[in-house]
Each structure stands twice: as structure tokens, then as C-alpha cells.
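Enquirer: Dropping in input.csv, which is CSV, N, CA and C atoms:
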chain,number,residue,atom,x,y,z
A,698,MET,N,-1.7,-57.1,13.1
A,698,MET,CA,-2.5,-57.0,14.2
A,698,MET,C,-2.1,-55.7,15.0
A,699,GLY,N,-3.0,-55.0,15.6
A,699,GLY,CA,-2.7,-53.9,16.4
A,699,GLY,C,-3.5,-53.9,17.7
A,700,SER,N,-3.3,-52.8,18.5
A,700,SER,CA,-4.1,-52.7,19.7
A,700,SER,C,-4.1,-51.3,20.2
A,701,VAL,N,-5.0,-51.0,21.1
A,701,VAL,CA,-5.1,-49.7,21.8
A,701,VAL,C,-5.3,-50.0,23.3
A,702,TYR,N,-4.7,-49.3,24.1
A,702,TYR,CA,-4.8,-49.5,25.6
A,702,TYR,C,-5.9,-48.7,26.2
A,703,VAL,N,-6.6,-49.4,27.1
A,703,VAL,CA,-7.7,-48.8,27.9
A,703,VAL,C,-7.3,-48.8,29.4
A,704,PRO,N,-6.9,-47.7,29.9
A,704,PRO,CA,-6.5,-47.7,31.3
A,704,PRO,C,-7.7,-47.8,32.2
A,705,VAL,N,-7.6,-48.5,33.3
A,705,VAL,CA,-8.7,-48.7,34.2
A,705,VAL,C,-8.1,-48.5,35.7
A,706,ASP,N,-8.9,-47.7,36.4
A,706,ASP,CA,-8.6,-47.6,37.9
A,706,ASP,C,-9.6,-48.4,38.6
A,707,VAL,N,-9.2,-49.0,39.8
A,707,VAL,CA,-10.0,-49.8,40.5
A,707,VAL,C,-11.4,-49.2,40.8
A,708,ALA,N,-11.4,-47.9,41.1
A,708,ALA,CA,-12.6,-47.2,41.5
A,708,ALA,C,-13.5,-47.0,40.2
A,709,ASN,N,-12.9,-47.1,39.1
A,709,ASN,CA,-13.6,-46.8,37.8
A,709,ASN,C,-14.6,-47.9,37.4
A,710,ALA,N,-15.8,-47.6,37.5
A,710,ALA,CA,-16.9,-48.5,37.1
A,710,ALA,C,-16.9,-49.9,37.8
A,711,GLY,N,-16.2,-49.9,39.0
A,711,GLY,CA,-16.2,-51.1,39.8
A,711,GLY,C,-15.3,-52.2,39.2
A,712,ILE,N,-14.5,-51.9,38.2
A,712,ILE,CA,-13.6,-53.0,37.6
A,712,ILE,C,-12.4,-53.1,38.5
A,713,MET,N,-12.0,-54.3,38.8
A,713,MET,CA,-10.7,-54.5,39.5
A,713,MET,C,-9.8,-55.3,38.7
A,714,PRO,N,-8.6,-54.7,38.3
A,714,PRO,CA,-7.6,-55.4,37.5
A,714,PRO,C,-7.2,-56.7,38.3
A,715,MET,N,-6.6,-57.6,37.6
A,715,MET,CA,-6.3,-58.9,38.1
A,715,MET,C,-5.4,-58.8,39.3
A,716,ASP,N,-4.3,-58.0,39.3
A,716,ASP,CA,-3.4,-57.9,40.5
A,716,ASP,C,-4.2,-57.4,41.7
A,717,ALA,N,-5.1,-56.5,41.6
A,717,ALA,CA,-5.8,-55.9,42.7
A,717,ALA,C,-6.7,-57.0,43.3
A,718,SER,N,-7.4,-57.7,42.4
A,718,SER,CA,-8.4,-58.7,42.8
A,718,SER,C,-7.7,-59.9,43.5
A,719,GLY,N,-6.4,-60.1,43.2
A,719,GLY,CA,-5.7,-61.2,43.7
A,719,GLY,C,-4.9,-60.8,45.0
A,720,GLY,N,-5.1,-59.6,45.4
A,720,GLY,CA,-4.5,-59.2,46.7
A,720,GLY,C,-3.1,-58.6,46.4
A,721,GLY,N,-2.7,-58.4,45.2
A,721,GLY,CA,-1.4,-57.9,44.9
A,721,GLY,C,-1.1,-56.5,45.2
A,722,GLY,N,-2.2,-55.7,45.6
A,722,GLY,CA,-2.0,-54.4,46.0
A,722,GLY,C,-2.1,-53.4,44.9
A,723,GLN,N,-2.1,-53.8,43.6
A,723,GLN,CA,-2.1,-52.9,42.5
A,723,GLN,C,-3.5,-52.2,42.4
A,724,THR,N,-3.6,-51.0,42.1
A,724,THR,CA,-4.9,-50.3,42.0
A,724,THR,C,-5.1,-49.8,40.6
A,725,GLY,N,-4.2,-50.1,39.7
A,725,GLY,CA,-4.4,-49.7,38.3
A,725,GLY,C,-4.2,-50.8,37.4
A,726,GLY,N,-4.4,-50.6,36.1
A,726,GLY,CA,-4.3,-51.6,35.1
A,726,GLY,C,-5.1,-51.2,33.9
A,727,GLY,N,-5.5,-52.2,33.2
A,727,GLY,CA,-6.3,-51.9,32.0
A,727,GLY,C,-6.5,-53.0,31.1
A,728,TYR,N,-6.8,-52.7,29.9
A,728,TYR,CA,-7.1,-53.7,28.9
A,728,TYR,C,-6.5,-53.2,27.6
A,729,TRP,N,-6.1,-54.2,26.8
A,729,TRP,CA,-5.7,-53.9,25.4
A,729,TRP,C,-6.9,-54.4,24.5
A,730,ILE,N,-7.4,-53.5,23.6
A,730,ILE,CA,-8.3,-53.9,22.6
A,730,ILE,C,-7.5,-54.2,21.4
A,731,ASN,N,-7.5,-55.5,21.0
A,731,ASN,CA,-6.7,-56.0,19.9
A,731,ASN,C,-7.6,-56.0,18.6
A,732,TRP,N,-6.9,-55.9,17.5
A,732,TRP,CA,-7.6,-56.0,16.2
A,732,TRP,C,-6.7,-56.6,15.1
A,733,THR,N,-7.4,-57.2,14.1
A,733,THR,CA,-6.7,-57.7,12.9
A,733,THR,C,-7.4,-56.9,11.7
A,734,ALA,N,-7.0,-57.3,10.6
A,734,ALA,CA,-7.6,-56.7,9.4
A,734,ALA,C,-9.1,-56.9,9.3
A,735,SER,N,-9.6,-57.9,10.0
A,735,SER,CA,-11.1,-58.2,10.0
A,735,SER,C,-11.8,-57.4,11.1
A,736,GLY,N,-11.2,-56.6,11.8
A,736,GLY,CA,-11.9,-55.9,12.9
A,736,GLY,C,-11.3,-56.3,14.2
A,737,TYR,N,-12.0,-56.0,15.3
A,737,TYR,CA,-11.6,-56.3,16.6
A,737,TYR,C,-11.6,-57.8,16.7
A,738,GLU,N,-10.4,-58.4,16.5
A,738,GLU,CA,-10.1,-59.8,16.5
A,738,GLU,C,-11.2,-60.6,15.6
A,739,GLY,N,-11.5,-60.0,14.5
A,739,GLY,CA,-12.4,-60.7,13.6
A,739,GLY,C,-13.8,-60.6,13.9
A,740,HIS,N,-14.2,-59.8,14.9
A,740,HIS,CA,-15.6,-59.6,15.2
A,740,HIS,C,-16.2,-58.4,14.5
A,741,GLY,N,-15.5,-57.8,13.6
A,741,GLY,CA,-16.0,-56.6,12.9
A,741,GLY,C,-15.5,-55.3,13.6
A,742,TRP,N,-15.8,-54.2,13.0
A,742,TRP,CA,-15.3,-52.9,13.5
A,742,TRP,C,-16.2,-52.2,14.3
A,743,PHE,N,-17.5,-52.6,14.5
A,743,PHE,CA,-18.4,-51.9,15.4
A,743,PHE,C,-18.6,-50.4,15.0
A,744,TRP,N,-18.6,-50.2,13.7
A,744,TRP,CA,-18.5,-48.8,13.1
A,744,TRP,C,-19.5,-47.9,13.7
A,745,ASP,N,-20.8,-48.3,13.8
A,745,ASP,CA,-21.8,-47.4,14.3
A,745,ASP,C,-22.2,-47.5,15.8
A,746,LYS,N,-21.4,-48.3,16.5
A,746,LYS,CA,-21.6,-48.5,18.0
A,746,LYS,C,-21.2,-47.3,18.8
A,747,PRO,N,-22.0,-46.9,19.8
A,747,PRO,CA,-21.7,-45.8,20.6
A,747,PRO,C,-20.3,-46.0,21.3
A,748,ASN,N,-19.6,-44.9,21.5
A,748,ASN,CA,-18.3,-44.9,22.2
A,748,ASN,C,-17.2,-45.6,21.4
A,749,ASN,N,-17.5,-46.1,20.2
A,749,ASN,CA,-16.4,-46.6,19.4
A,749,ASN,C,-15.9,-45.4,18.6
A,750,TYR,N,-14.7,-45.0,18.8
A,750,TYR,CA,-14.2,-43.7,18.2
A,750,TYR,C,-13.8,-43.9,16.8
A,751,LEU,N,-13.8,-45.1,16.3
A,751,LEU,CA,-13.3,-45.4,14.9
A,751,LEU,C,-14.0,-44.5,13.9
A,752,LYS,N,-15.3,-44.3,13.9
A,752,LYS,CA,-15.9,-43.5,12.9
A,752,LYS,C,-15.5,-42.1,13.0
A,753,ASP,N,-15.5,-41.5,14.2
A,753,ASP,CA,-15.0,-40.1,14.4
A,753,ASP,C,-13.6,-40.0,14.1
A,754,GLY,N,-12.8,-40.9,14.6
A,754,GLY,CA,-11.3,-40.9,14.4
A,754,GLY,C,-10.9,-41.0,12.9
A,755,TRP,N,-11.6,-41.8,12.2
A,755,TRP,CA,-11.4,-42.0,10.8
A,755,TRP,C,-11.7,-40.6,10.0
A,756,ALA,N,-12.9,-40.1,10.3
A,756,ALA,CA,-13.2,-38.8,9.7
A,756,ALA,C,-12.2,-37.7,10.0
A,757,ALA,N,-11.8,-37.6,11.2
A,757,ALA,CA,-10.8,-36.6,11.6
A,757,ALA,C,-9.4,-36.9,10.9
A,758,ALA,N,-9.0,-38.1,10.9
A,758,ALA,CA,-7.7,-38.5,10.2
A,758,ALA,C,-7.8,-38.2,8.7
A,759,VAL,N,-8.9,-38.5,8.1
A,759,VAL,CA,-9.0,-38.2,6.6
A,759,VAL,C,-9.0,-36.7,6.4
A,760,ASP,N,-9.7,-35.9,7.3
A,760,ASP,CA,-9.6,-34.5,7.2
A,760,ASP,C,-8.2,-33.9,7.4
A,761,ASN,N,-7.6,-34.4,8.5
A,761,ASN,CA,-6.3,-33.9,8.8
A,761,ASN,C,-5.2,-34.2,7.8
A,762,GLY,N,-5.3,-35.3,7.1
A,762,GLY,CA,-4.3,-35.7,6.2
A,762,GLY,C,-4.7,-35.4,4.7
A,763,GLY,N,-5.8,-34.7,4.5
A,763,GLY,CA,-6.2,-34.4,3.2
A,763,GLY,C,-6.6,-35.6,2.4
A,764,GLY,N,-7.1,-36.6,3.1
A,764,GLY,CA,-7.5,-37.9,2.5
A,764,GLY,C,-6.5,-39.0,2.5
A,765,TYR,N,-5.3,-38.7,3.1
A,765,TYR,CA,-4.3,-39.7,3.2
A,765,TYR,C,-3.9,-39.8,4.7
A,766,VAL,N,-4.1,-41.1,5.2
A,766,VAL,CA,-4.1,-41.3,6.6
A,766,VAL,C,-2.9,-42.1,7.0
A,767,GLY,N,-2.0,-41.5,7.8
A,767,GLY,CA,-0.8,-42.2,8.3
A,767,GLY,C,0.2,-42.4,7.2
A,768,ASP,N,1.4,-43.0,7.7
A,768,ASP,CA,2.5,-43.2,6.9
A,768,ASP,C,2.2,-44.2,5.7
A,769,GLY,N,2.6,-43.9,4.5
A,769,GLY,CA,2.5,-44.8,3.4
A,769,GLY,C,1.2,-44.9,2.8
A,770,CYS,N,0.2,-44.1,3.3
A,770,CYS,CA,-1.1,-44.2,2.7
A,770,CYS,C,-1.2,-43.6,1.3
A,771,ASN,N,-1.8,-44.4,0.4
A,771,ASN,CA,-1.9,-43.8,-1.0
A,771,ASN,C,-3.4,-43.7,-1.3
A,772,GLY,N,-4.2,-43.4,-0.3
A,772,GLY,CA,-5.6,-43.1,-0.5
A,772,GLY,C,-6.4,-44.4,-0.9
A,773,ASP,N,-7.3,-44.3,-1.8
A,773,ASP,CA,-8.2,-45.4,-2.1
A,773,ASP,C,-7.5,-46.5,-3.0
A,774,GLY,N,-6.2,-46.4,-3.2
A,774,GLY,CA,-5.6,-47.4,-4.0
A,774,GLY,C,-5.3,-47.0,-5.4
A,775,SER,N,-6.0,-46.0,-5.9
A,775,SER,CA,-5.8,-45.4,-7.2
A,775,SER,C,-5.3,-43.9,-7.1
A,776,ASN,N,-4.6,-43.7,-6.0
A,776,ASN,CA,-4.1,-42.4,-5.7
A,776,ASN,C,-5.1,-41.3,-5.5
A,777,GLN,N,-6.4,-41.7,-5.2
A,777,GLN,CA,-7.4,-40.7,-4.9
A,777,GLN,C,-7.5,-40.7,-3.4
A,778,PRO,N,-7.8,-39.5,-2.8
A,778,PRO,CA,-7.9,-39.4,-1.4
A,778,PRO,C,-9.0,-40.2,-0.8
A,779,HIS,N,-8.9,-40.7,0.4
A,779,HIS,CA,-9.9,-41.4,1.2
A,779,HIS,C,-11.1,-40.4,1.4
A,780,THR,N,-12.2,-41.0,1.7
A,780,THR,CA,-13.4,-40.2,2.2
A,780,THR,C,-13.6,-40.7,3.6
A,781,SER,N,-14.6,-40.1,4.3
A,781,SER,CA,-14.9,-40.4,5.7
A,781,SER,C,-15.8,-41.7,5.8
A,782,GLU,N,-16.2,-42.3,4.7
A,782,GLU,CA,-17.1,-43.4,4.7
A,782,GLU,C,-16.4,-44.7,5.1
A,783,PHE,N,-17.2,-45.6,5.6
A,783,PHE,CA,-16.7,-46.9,6.1
A,783,PHE,C,-16.0,-47.7,5.0
A,784,GLU,N,-16.6,-47.6,3.8
A,784,GLU,CA,-16.0,-48.4,2.7
A,784,GLU,C,-14.6,-47.9,2.4
A,785,SER,N,-14.3,-46.6,2.6
A,785,SER,CA,-13.0,-46.0,2.3
A,785,SER,C,-12.1,-46.5,3.4
A,786,PHE,N,-12.6,-46.6,4.7
A,786,PHE,CA,-11.8,-47.1,5.8
A,786,PHE,C,-11.4,-48.6,5.5
A,787,LEU,N,-12.3,-49.4,5.0
A,787,LEU,CA,-12.0,-50.8,4.6
A,787,LEU,C,-10.9,-50.8,3.6
A,788,ILE,N,-10.9,-50.0,2.6
A,788,ILE,CA,-9.9,-49.9,1.6
A,788,ILE,C,-8.5,-49.6,2.2
A,789,HIS,N,-8.5,-48.7,3.2
A,789,HIS,CA,-7.3,-48.4,3.9
A,789,HIS,C,-6.8,-49.7,4.6
A,790,ILE,N,-7.6,-50.4,5.2
A,790,ILE,CA,-7.3,-51.6,5.9
A,790,ILE,C,-6.8,-52.7,4.9
A,791,GLN,N,-7.5,-52.8,3.8
A,791,GLN,CA,-7.1,-53.8,2.8
A,791,GLN,C,-5.8,-53.5,2.2
A,792,ASN,N,-5.4,-52.3,2.2
A,792,ASN,CA,-4.1,-51.9,1.7
A,792,ASN,C,-3.0,-52.0,2.7
A,793,GLY,N,-3.2,-52.8,3.7
A,793,GLY,CA,-2.2,-53.2,4.6
A,793,GLY,C,-1.9,-52.2,5.8
A,794,HIS,N,-2.9,-51.4,6.1
A,794,HIS,CA,-2.7,-50.4,7.2
A,794,HIS,C,-3.4,-50.7,8.5
A,795,SER,N,-3.6,-52.0,8.8
A,795,SER,CA,-4.3,-52.3,10.0
A,795,SER,C,-3.4,-52.4,11.2
A,796,GLU,N,-2.1,-52.5,11.0
A,796,GLU,CA,-1.2,-52.6,12.2
A,796,GLU,C,-1.1,-51.4,13.0
A,797,ASN,N,-1.1,-50.2,12.4
A,797,ASN,CA,-0.9,-49.0,13.1
A,797,ASN,C,-2.1,-48.0,12.8
A,798,LEU,N,-3.1,-48.0,13.7
A,798,LEU,CA,-4.2,-47.1,13.6
A,798,LEU,C,-4.1,-45.9,14.5
A,799,ASN,N,-2.9,-45.5,14.9
A,799,ASN,CA,-2.7,-44.4,15.8
A,799,ASN,C,-3.3,-43.1,15.3
A,800,ALA,N,-3.2,-42.9,14.0
A,800,ALA,CA,-3.7,-41.6,13.4
A,800,ALA,C,-5.2,-41.6,13.5
A,801,ILE,N,-5.9,-42.8,13.7
A,801,ILE,CA,-7.3,-42.9,13.7
A,801,ILE,C,-7.8,-43.0,15.2
A,802,LEU,N,-7.1,-43.8,16.0
A,802,LEU,CA,-7.6,-44.1,17.3
A,802,LEU,C,-6.8,-43.4,18.4
A,803,GLY,N,-5.8,-42.7,18.0
A,803,GLY,CA,-4.9,-42.0,19.0
A,803,GLY,C,-5.7,-41.0,19.9
A,804,SER,N,-6.7,-40.4,19.5
A,804,SER,CA,-7.5,-39.4,20.3
A,804,SER,C,-8.7,-40.0,20.9
A,805,TRP,N,-8.9,-41.3,20.9
A,805,TRP,CA,-10.0,-41.9,21.6
A,805,TRP,C,-10.0,-41.7,23.1
A,806,PRO,N,-10.9,-40.9,23.6
A,806,PRO,CA,-10.9,-40.7,25.0
A,806,PRO,C,-11.0,-41.9,25.9
A,807,ASN,N,-10.2,-42.0,26.9
A,807,ASN,CA,-10.1,-43.2,27.8
A,807,ASN,C,-11.5,-43.6,28.3
A,808,ASP,N,-12.3,-42.6,28.8
A,808,ASP,CA,-13.6,-43.0,29.3
A,808,ASP,C,-14.5,-43.7,28.3
A,809,LYS,N,-14.4,-43.2,27.0
A,809,LYS,CA,-15.2,-43.8,26.0
A,809,LYS,C,-14.7,-45.2,25.6
A,810,LYS,N,-13.4,-45.4,25.6
A,810,LYS,CA,-12.8,-46.7,25.4
A,810,LYS,C,-13.3,-47.7,26.4
A,811,LEU,N,-13.3,-47.3,27.7
A,811,LEU,CA,-13.8,-48.2,28.8
A,811,LEU,C,-15.3,-48.5,28.6
A,812,THR,N,-16.1,-47.4,28.3
A,812,THR,CA,-17.5,-47.7,28.1
A,812,THR,C,-17.7,-48.6,26.9
A,813,PHE,N,-17.0,-48.4,25.9
A,813,PHE,CA,-17.1,-49.3,24.7
A,813,PHE,C,-16.8,-50.7,25.1
A,814,VAL,N,-15.8,-51.0,25.8
A,814,VAL,CA,-15.4,-52.3,26.3
A,814,VAL,C,-16.5,-52.9,27.2
A,815,LEU,N,-17.0,-52.1,28.1
A,815,LEU,CA,-18.0,-52.6,29.1
A,815,LEU,C,-19.3,-52.9,28.3
A,816,THR,N,-19.7,-52.1,27.4
A,816,THR,CA,-21.0,-52.2,26.7
A,816,THR,C,-20.9,-53.4,25.7
A,817,ASN,N,-19.8,-53.7,25.2
A,817,ASN,CA,-19.7,-54.7,24.2
A,817,ASN,C,-18.8,-55.9,24.6
A,818,ALA,N,-18.7,-56.1,25.9
A,818,ALA,CA,-17.8,-57.1,26.5
A,818,ALA,C,-18.1,-58.5,25.9
A,819,ALA,N,-19.3,-58.9,25.8
A,819,ALA,CA,-19.6,-60.3,25.3
A,819,ALA,C,-19.2,-60.4,23.8
A,820,LYS,N,-19.5,-59.4,23.0
A,820,LYS,CA,-19.2,-59.5,21.6
A,820,LYS,C,-17.7,-59.3,21.3
A,821,LEU,N,-17.0,-58.7,22.3
A,821,LEU,CA,-15.5,-58.5,22.1
A,821,LEU,C,-14.7,-59.6,22.7
A,822,GLU,N,-15.3,-60.6,23.2
A,822,GLU,CA,-14.6,-61.7,23.8
A,822,GLU,C,-13.5,-62.2,22.9
A,823,GLY,N,-12.3,-62.4,23.4
A,823,GLY,CA,-11.2,-62.9,22.6
A,823,GLY,C,-10.3,-61.7,22.1
A,824,CYS,N,-10.8,-60.5,22.1
A,824,CYS,CA,-10.0,-59.4,21.6
A,824,CYS,C,-9.6,-58.4,22.7
A,825,ILE,N,-10.0,-58.8,24.0
A,825,ILE,CA,-9.6,-57.9,25.1
A,825,ILE,C,-8.6,-58.7,25.9
A,826,THR,N,-7.5,-58.0,26.2
A,826,THR,CA,-6.4,-58.6,27.0
A,826,THR,C,-6.2,-57.8,28.2
A,827,ALA,N,-6.5,-58.3,29.4
A,827,ALA,CA,-6.3,-57.6,30.7
A,827,ALA,C,-4.8,-57.5,31.0
A,828,THR,N,-4.5,-56.4,31.7
A,828,THR,CA,-3.1,-56.2,32.2
A,828,THR,C,-3.1,-55.4,33.5
A,829,ALA,N,-2.1,-55.5,34.3
A,829,ALA,CA,-2.0,-54.7,35.5
A,829,ALA,C,-0.8,-53.8,35.3
A,830,SER,N,-0.9,-52.6,35.9
A,830,SER,CA,0.2,-51.7,35.8
A,830,SER,C,1.0,-51.7,37.1
Here is a file; write its structure as C-alpha cells.
Expert:
Amino acid sequence: MGSVYVPVDVANAGIMPMDASGGGGQTGGGYWINWTASGYEGHGWFWDKPNNYLKDGWAAAVDNGGGYVGDGCNGDGSNQPHTSEFESFLIHIQNGHSENLNAILGSWPNDKKLTFVLTNAAKLEGCITATAS
């Protein structure tokens, strides 16, 4: 299981982190988007959804690594480099690389992460963990 942090400011999109809403005086916080090998907590990877950086991040990581993404990646399992296709991403995940997707999601802009969470909140239920900073 892995996760990526979505920072949120109280003024941002009208979202108030738990501490601020409870009168704790905190004005910041955010959310963790959690995933397993089956996607965002088993809800799938939302590959073609707007503001989900996964498709763009995967293509960039494949390009940057010459088809080998992150530590210990052996490509498509038969020592052939990955492609930018979703099926190749799934092979990467099936080969045990779902815990650390930093090479793929590390450049996901914070505003797009937040928009992705807000747009897909109902479908992402169970894989979003709120936190206060």
C-alpha cells in the first residue's frame, strides 16, 4: 500500500481541515490518497479521469527511465522496457511496485491532486485520509 499527500489550505476551495473546523485554530492540513495494488483502495486507478496525474506521470517516468520505472524495475517482466500504456503500468504494479509510486506521482501538481479528490470524492470514499498540519 502507498499514498500521496494532498495539501489543503482553509481558503482553498472552501475545505476546512478537521482541526480548523473544530476550533483548534489550524489553518492547514490535507488528505492522503491511499492505494493498493488494485488502485486507489481497490476502486481502480481512474486512468483517464481529469486531474489524475497517473497517466501523464507514468508516461514521463517510462520516458525518463528508458522504460524502467523506479528502483528494481525489470520492465514488462521479460526484461523488455515498459511502454506508456495502461497495460504496461498494470504489469509494473503486478510485479510488486505498488508501494512506491514516487517516480510516477511525485510531480503531480497539488492543485490537480485537490481537484481530483474533490471531483471523485464519492468514488474515492475509503481511500482518502484527512489530516491536519
Enquirer: Given the point (-2.2, -51.1, 13.4) in the coordinates of this file, which residues lie within 8 Å, counting only N, CA and C atoms, and how would they look as a PyMOL selection string?
Expert: chain A and resi 698-700+732-733+793-799
Enquirer: Calculated over only N, CA and C atoms, which of the candidates A:Trp805, A:Ser781, A:Gly727, A:Ala827 has the smallest distance to A:Ala757?
Expert: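 The closest residue to A:Ala757 is A:Ser781.
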Enquirer: Hey, what does DSSP flag as strand (DSSP E or B) within stretch 718-799 of chain A? Can you give it to me as a PyMOL selection string?
Expert: chain A and resi 725-733+736+741
Enquirer: Neighbours of A:Glu782 within 10 Å (only C-alpha atoms; same-chain residues fewer than 5 positions away dropped), as a list in words?
Expert: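 What passes the distance filter is Lys752, Trp755, Ala756, Val759 and Leu787 of chain A.
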Enquirer: Find the distance between atom C of A:Tyr728 and atom CA of A:Cys824 and write it in Å to one decimal.
Expert: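 Interatomic distance, atom C of A:Tyr728 to atom CA of A:Cys824: 9.3 Å.
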Enquirer: For A:Thr812, which residue out of A:Val705, A:Asn748, A:Trp729, A:Ala734 is the nearest one, using all atoms listed in the file?
Expert: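 Of the candidates, the smallest distance to A:Thr812 is held by A:Asn748.
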Enquirer: Could you work out how far atom N of A:Glu738 lies from atom C of A:Ile788, giving the answer in Å with one decimal?
Expert: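 Atom N of A:Glu738 lies at a distance of 16.9 Å from atom C of A:Ile788.
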Enquirer: Show which residues sit within 12 Å of A:Asn776, as a list in words. Count only C-alpha atoms, and ignore same-chain residues fewer than 6 positions away.
Expert: Gly764, Tyr765, Gly769, Cys770, Ile788 and His789 of chain A
Enquirer: If you run DSSP on the backbone here, which positions in stretch 770-818 of chain A get alpha helix (DSSP H)? Please write them as a PDB file with N, CA and C atoms, in the frame of the given file.
Expert:
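Output (result23.pdb):
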ATOM      1  N   PHE A 783     -17.200 -45.600   5.600  1.00  0.00           N
ATOM      2  CA  PHE A 783     -16.700 -46.900   6.100  1.00  0.00           C
ATOM      3  C   PHE A 783     -16.000 -47.700   5.000  1.00  0.00           C
ATOM      4  N   GLU A 784     -16.600 -47.600   3.800  1.00  0.00           N
ATOM      5  CA  GLU A 784     -16.000 -48.400   2.700  1.00  0.00           C
ATOM      6  C   GLU A 784     -14.600 -47.900   2.400  1.00  0.00           C
ATOM      7  N   SER A 785     -14.300 -46.600   2.600  1.00  0.00           N
ATOM      8  CA  SER A 785     -13.000 -46.000   2.300  1.00  0.00           C
ATOM      9  C   SER A 785     -12.100 -46.500   3.400  1.00  0.00           C
ATOM     10  N   PHE A 786     -12.600 -46.600   4.700  1.00  0.00           N
ATOM     11  CA  PHE A 786     -11.800 -47.100   5.800  1.00  0.00           C
ATOM     12  C   PHE A 786     -11.400 -48.600   5.500  1.00  0.00           C
ATOM     13  N   LEU A 787     -12.300 -49.400   5.000  1.00  0.00           N
ATOM     14  CA  LEU A 787     -12.000 -50.800   4.600  1.00  0.00           C
ATOM     15  C   LEU A 787     -10.900 -50.800   3.600  1.00  0.00           C
ATOM     16  N   ILE A 788     -10.900 -50.000   2.600  1.00  0.00           N
ATOM     17  CA  ILE A 788      -9.900 -49.900   1.600  1.00  0.00           C
ATOM     18  C   ILE A 788      -8.500 -49.600   2.200  1.00  0.00           C
ATOM     19  N   HIS A 789      -8.500 -48.700   3.200  1.00  0.00           N
ATOM     20  CA  HIS A 789      -7.300 -48.400   3.900  1.00  0.00           C
ATOM     21  C   HIS A 789      -6.800 -49.700   4.600  1.00  0.00           C
ATOM     22  N   ILE A 790      -7.600 -50.400   5.200  1.00  0.00           N
ATOM     23  CA  ILE A 790      -7.300 -51.600   5.900  1.00  0.00           C
ATOM     24  C   ILE A 790      -6.800 -52.700   4.900  1.00  0.00           C
ATOM     25  N   GLN A 791      -7.500 -52.800   3.800  1.00  0.00           N
ATOM     26  CA  GLN A 791      -7.100 -53.800   2.800  1.00  0.00           C
ATOM     27  C   GLN A 791      -5.800 -53.500   2.200  1.00  0.00           C
ATOM     28  N   ASN A 799      -2.900 -45.500  14.900  1.00  0.00           N
ATOM     29  CA  ASN A 799      -2.700 -44.400  15.800  1.00  0.00           C
ATOM     30  C   ASN A 799      -3.300 -43.100  15.300  1.00  0.00           C
ATOM     31  N   ALA A 800      -3.200 -42.900  14.000  1.00  0.00           N
ATOM     32  CA  ALA A 800      -3.700 -41.600  13.400  1.00  0.00           C
ATOM     33  C   ALA A 800      -5.200 -41.600  13.500  1.00  0.00           C
ATOM     34  N   ILE A 801      -5.900 -42.800  13.700  1.00  0.00           N
ATOM     35  CA  ILE A 801      -7.300 -42.900  13.700  1.00  0.00           C
ATOM     36  C   ILE A 801      -7.800 -43.000  15.200  1.00  0.00           C
ATOM     37  N   LEU A 802      -7.100 -43.800  16.000  1.00  0.00           N
ATOM     38  CA  LEU A 802      -7.600 -44.100  17.300  1.00  0.00           C
ATOM     39  C   LEU A 802      -6.800 -43.400  18.400  1.00  0.00           C
ATOM     40  N   ASN A 807     -10.200 -42.000  26.900  1.00  0.00           N
ATOM     41  CA  ASN A 807     -10.100 -43.200  27.800  1.00  0.00           C
ATOM     42  C   ASN A 807     -11.500 -43.600  28.300  1.00  0.00           C
ATOM     43  N   ASP A 808     -12.300 -42.600  28.800  1.00  0.00           N
ATOM     44  CA  ASP A 808     -13.600 -43.000  29.300  1.00  0.00           C
ATOM     45  C   ASP A 808     -14.500 -43.700  28.300  1.00  0.00           C
ATOM     46  N   LYS A 809     -14.400 -43.200  27.000  1.00  0.00           N
ATOM     47  CA  LYS A 809     -15.200 -43.800  26.000  1.00  0.00           C
ATOM     48  C   LYS A 809     -14.700 -45.200  25.600  1.00  0.00           C
ATOM     49  N   LYS A 810     -13.400 -45.400  25.600  1.00  0.00           N
ATOM     50  CA  LYS A 810     -12.800 -46.700  25.400  1.00  0.00           C
ATOM     51  C   LYS A 810     -13.300 -47.700  26.400  1.00  0.00           C
ATOM     52  N   LEU A 811     -13.300 -47.300  27.700  1.00  0.00           N
ATOM     53  CA  LEU A 811     -13.800 -48.200  28.800  1.00  0.00           C
ATOM     54  C   LEU A 811     -15.300 -48.500  28.600  1.00  0.00           C
ATOM     55  N   THR A 812     -16.100 -47.400  28.300  1.00  0.00           N
ATOM     56  CA  THR A 812     -17.500 -47.700  28.100  1.00  0.00           C
ATOM     57  C   THR A 812     -17.700 -48.600  26.900  1.00  0.00           C
ATOM     58  N   PHE A 813     -17.000 -48.400  25.900  1.00  0.00           N
ATOM     59  CA  PHE A 813     -17.100 -49.300  24.700  1.00  0.00           C
ATOM     60  C   PHE A 813     -16.800 -50.700  25.100  1.00  0.00           C
ATOM     61  N   VAL A 814     -15.800 -51.000  25.800  1.00  0.00           N
ATOM     62  CA  VAL A 814     -15.400 -52.300  26.300  1.00  0.00           C
ATOM     63  C   VAL A 814     -16.500 -52.900  27.200  1.00  0.00           C
ATOM     64  N   LEU A 815     -17.000 -52.100  28.100  1.00  0.00           N
ATOM     65  CA  LEU A 815     -18.000 -52.600  29.100  1.00  0.00           C
ATOM     66  C   LEU A 815     -19.300 -52.900  28.300  1.00  0.00           C
ATOM     67  N   THR A 816     -19.700 -52.100  27.400  1.00  0.00           N
ATOM     68  CA  THR A 816     -21.000 -52.200  26.700  1.00  0.00           C
ATOM     69  C   THR A 816     -20.900 -53.400  25.700  1.00  0.00           C
TER      70      THR A 816
END
Enquirer: Just how far from atom N of A:Ile730 is atom C of A:Val701, in Å to one decimal?
Expert: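 Separating atom C of A:Val701 from atom N of A:Ile730 is a distance of 4.1 Å.
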Enquirer: Rank A:Phe813, A:Lys820, A:Asn761, A:Asn807 by their smallest atom-to-atom distance to A:Asn749, using only C-alpha atoms, and report the top residue only.
Expert: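 Nearest candidate to A:Asn749 out of A:Phe813, A:Lys820, A:Asn761, A:Asn807: A:Phe813.
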Enquirer: Considering all atoms listed in the file, can you say which of A:Tyr750, A:Tyr737, A:Tyr702, A:Phe743 comes closest to A:Ile801?
Expert: A:Tyr750
